[in-house]
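Some notes on the structure that comes next.
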Amino acid sequence: MQTHFSLAQLADPAIADADKILRACVHCGFCTATCPTYVLLGDELDSPRGRIYLIKDMLESGRAADERTIKHVDRCLSCLSCMTTCPSGVHYMHLVDHARHHIHETGRRPLPERLMRQAFGLILPRPQLFRLALVGAAITRPLARIMPKRLRGLWALAPRRPARPSAMDRPQVFACEGPRRRRVALMTGCAQQALAPSINEATIRLLTRHGCEVVVASGAGCCGALTHHLGQDSLAMVKANITAWQREIDTQGLDAIIINASGCGTTVKDYGFMLKDDAAFARPAATISALTRDISEFMASLGLQAPSQPQPLRVAYHSACSLQHGQSIRTEPKTLLADAGFTVLDVPEGHLCCGSAGTYNLLQPDIANALRDRKVAAITSLTPDCITAGNIGCITQIAAGTPTPVVHTVELLDWATGGPKPQALASL
């Protein structure tokens with residue numbers, strides 16, 4: 001693609017990066033076949049190629065984001081399926097992230113939309129605030145039916161009984177069982193702490209059972225993905241995590257930083273790019289990115305011990321977009337589940353997003369619900385005993401559309417190797 005940025009514009013490192021990405025695009029259109037919003041809506045501007053044209057025009061002109069550009073960029077899930085498909089290596093993720101920041105800085109959304117986005121950016125990354133919001137949602141659930149349609153999804157996705165906080169999410173060190181094989185830090189995250197603290201608990205049990213000393217580092221928190229994809233500034237959160245983990249590296253060392261929410265993992269692995277122009281943080285950010293591993297990626301390299309209580313369950317594996325497209329991790333979770341004794345079922349149209357995508361299911365509920373229903377129909381065709389995924393957003397989204405229990409992959413691996421049965425599977 002030919003671009004026409006001025007020399008003054010190209011002096012901005014972010015514009016220079018966008019220029020390189022835009023020039024890599026050859027208009028081939030392969031991305032349209034795998035883009036969930038294009039498959040669903042059939043609008044060229046709701047495809048990666050269409051959005052690239054809109055973003056190019058917006059950035060080259062230097063103008064404020066207009067209503068049409070905001071509409072179609074906002075409809076992008078950032079599922080990154082287009083990056084898996086693209087034969088030219090267009091790094092769409094960095095381009096759309098830059099566009100969202102530009103839109104946040106220059107665009108003008110309706111007041112209710114601005115307030116919702118500000119509220120999500122404030123509440124979701126902070127587990128205590130988010131937990132309070134979930135309690136409020138549980139109390140006011142009977143009022144959901146009289147709320148505007150746009151807001152009803154907030155109650156639909158909120159658990160009826162908010163989980164209690166877990167003591168295991170506090171900063172501390174968990175000793176390994178037997179000889180120490182690895183020393184790792186676990187990112188406990190933000191929304192996941194409030195929605196499903198059992199995931200972190202299962203992860204810690206699984207790791208310590210396999211000879212890993214696990215550190216929950218003081219000062220580490222939200223990865224910044226939720227605010228970053230809203231176009232808001234996330235660098236304070238990013239730098240706090242880097243500082244906390246670098247302290248552990250400098251004192252006792254770390255073999256890996258473990259992430260069990262794939263949306264977070266994709267972002268943490270990108271810290272090196274996000275801070276490449278920051279003199280103070282560029283090197284430690286690159287170190288952190290290089291050490292980051294998804295829990296399935298790490299366990300595949302470590303090796304899963306023989307299952308102590310294998311379960312003959314038919315498990316539908318939903319491959320989270322941030323795992324398969326964002327991190328190119330596709331076979332490891334399925335191999336681990338099979339090694340643990342489960343019958344693993346591949347979901348039809350597995351490359352298509354479930355509609356969660358961070359805050360997307362809250363901000364674009366109609367499209368998100370249509371994608372969820374399509375995903376649930378594909379899963380239901382397999383008649384599984386349960387559904388598993390490696391991302392809390394996917395788990396919450398899919399669970400809202402089916403009575404079939406949905407659990408994190410790590411909960412099944414923990415159960416098979418000696419941990420407790422996941423609460424969601426109590427009836428099986």
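FYI, nothing fancy with the structure tokens labels: chains A, B, ... in order, residues from 1 per chain, ligands from 1 as they appear.
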
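Proximity to Gly221 (chain A) at 10 Å, evaluated using only C-alpha atoms and with sequence-adjacent residues fewer than 2 positions away removed, yields A:Pro125, A:Arg126, A:Pro127, A:Met187, A:Thr188, A:Gly189, A:Cys190, A:Val216, A:Ala217, A:Ser218, A:Gly219, A:Cys223, A:Gly224, A:Met237, A:Val238, A:Ala240, A:Asn241, A:Ala244.
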
Mind the document's chain letters and residue numbers, and return as a PyMOL selection string the residues of region 283-407 of chain A that DSSP labels helix (DSSP H, G or I). chain A and resi 283-291+295-302+321-324+332-339+360-363+365-380+392-399

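Proximity to Ser88 (chain A) was assessed for A:Cys25, A:Val315, A:Leu157, A:Leu45 counting only C-alpha atoms; the smallest distance is recorded for A:Cys25.
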
Would you kindly return, as a PyMOL selection string, each protein, DNA or RNA residue with an atom no farther than 6 Å from any atom of region 362-379 of chain A, considering only C-alpha atoms and excluding same-chain residues fewer than 4 positions away? chain A and resi 347-348+354-355

Save out the residues we just selected, N, CA and C atoms, as a compact mmCIF listing (two decimals), in the first residue's frame.
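Result saved to selection.txt:
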# COMPACT_ATOMS: atom_id res chain seq x y z
N VAL A 347 -13.56 -27.55 18.01
CA VAL A 347 -14.78 -26.81 17.73
C VAL A 347 -14.80 -26.35 16.27
N PRO A 348 -15.88 -26.62 15.53
CA PRO A 348 -15.98 -26.11 14.15
C PRO A 348 -15.87 -24.58 14.13
N CYS A 354 -15.43 -15.65 19.83
CA CYS A 354 -16.68 -15.89 20.55
C CYS A 354 -17.43 -14.60 20.86
N GLY A 355 -16.77 -13.44 20.62
CA GLY A 355 -17.43 -12.16 20.86
C GLY A 355 -17.07 -11.49 22.16

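CA of Ala261 (chain A) sits 21.5 Å away from CA of Asp339 (chain A).
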
Residues of region 204-231 of chain A that approach region 90-108 of chain A to 10 Å or less, counting only C-alpha atoms: could you list each one with the shortest pair of atoms and its distance in Å to one decimal, rows by chain and increasing residue number, as JSON lines?
{"residue": "A:His228", "atom": "CA", "partner": "A:Asp97", "partner_atom": "CA", "distance": 7.4}
{"residue": "A:His229", "atom": "CA", "partner": "A:Asp97", "partner_atom": "CA", "distance": 6.4}
{"residue": "A:Leu230", "atom": "CA", "partner": "A:Arg100", "partner_atom": "CA", "distance": 6.8}
{"residue": "A:Gly231", "atom": "CA", "partner": "A:His101", "partner_atom": "CA", "distance": 4.0}

Put those residues in a file: N, CA and C atoms, as a compact mmCIF listing (two decimals), in the first residue's frame.
# COMPACT_ATOMS: atom_id res chain seq x y z
N HIS A 228 -5.64 -0.34 27.40
CA HIS A 228 -4.90 -0.16 26.15
C HIS A 228 -5.83 -0.32 24.95
N HIS A 229 -6.70 -1.33 24.98
CA HIS A 229 -7.60 -1.56 23.85
C HIS A 229 -8.78 -0.60 23.84
N LEU A 230 -8.97 0.13 24.93
CA LEU A 230 -9.96 1.21 24.93
C LEU A 230 -9.35 2.50 24.38
N GLY A 231 -8.05 2.48 24.08
CA GLY A 231 -7.36 3.67 23.60
C GLY A 231 -6.85 4.55 24.72

May I ask for the distance between CA of Ser262 (chain A) and CA of Cys394 (chain A), given in Å to one decimal place? 9.8 Å

Using only C-alpha atoms, which residues sit within 7 Å of region 195-210 of chain A once same-chain residues fewer than 6 positions away are excluded, as a ChimeraX atom specification? /A:162-163,165-166,168,175-177,188,408,410-411,414

Restrict the selected residues to C-alpha atoms and save them as a PDB file, in the first residue's frame.
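Contents of part02.pdb, freshly written:
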ATOM      1  CA  PRO A 162     -19.856 -13.018  43.099  1.00  0.00           C
ATOM      2  CA  ALA A 163     -16.824 -15.047  44.183  1.00  0.00           C
ATOM      3  CA  PRO A 165     -11.481 -12.947  47.130  1.00  0.00           C
ATOM      4  CA  SER A 166      -8.761 -15.586  47.310  1.00  0.00           C
ATOM      5  CA  MET A 168      -3.690 -16.900  47.138  1.00  0.00           C
ATOM      6  CA  ALA A 175       6.950 -23.416  47.836  1.00  0.00           C
ATOM      7  CA  CYS A 176       7.206 -26.235  45.339  1.00  0.00           C
ATOM      8  CA  GLU A 177       6.531 -29.881  46.071  1.00  0.00           C
ATOM      9  CA  THR A 188      -2.837 -12.825  39.055  1.00  0.00           C
ATOM     10  CA  HIS A 408     -10.356 -22.967  32.354  1.00  0.00           C
ATOM     11  CA  VAL A 410      -5.696 -25.244  33.874  1.00  0.00           C
ATOM     12  CA  GLU A 411      -8.560 -26.309  36.165  1.00  0.00           C
ATOM     13  CA  ASP A 414      -5.028 -29.489  38.018  1.00  0.00           C
TER      14      ASP A 414
END

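The two atoms in question, CA of Ile249 (chain A) and CA of Ala167 (chain A), are spaced 23.8 Å apart.
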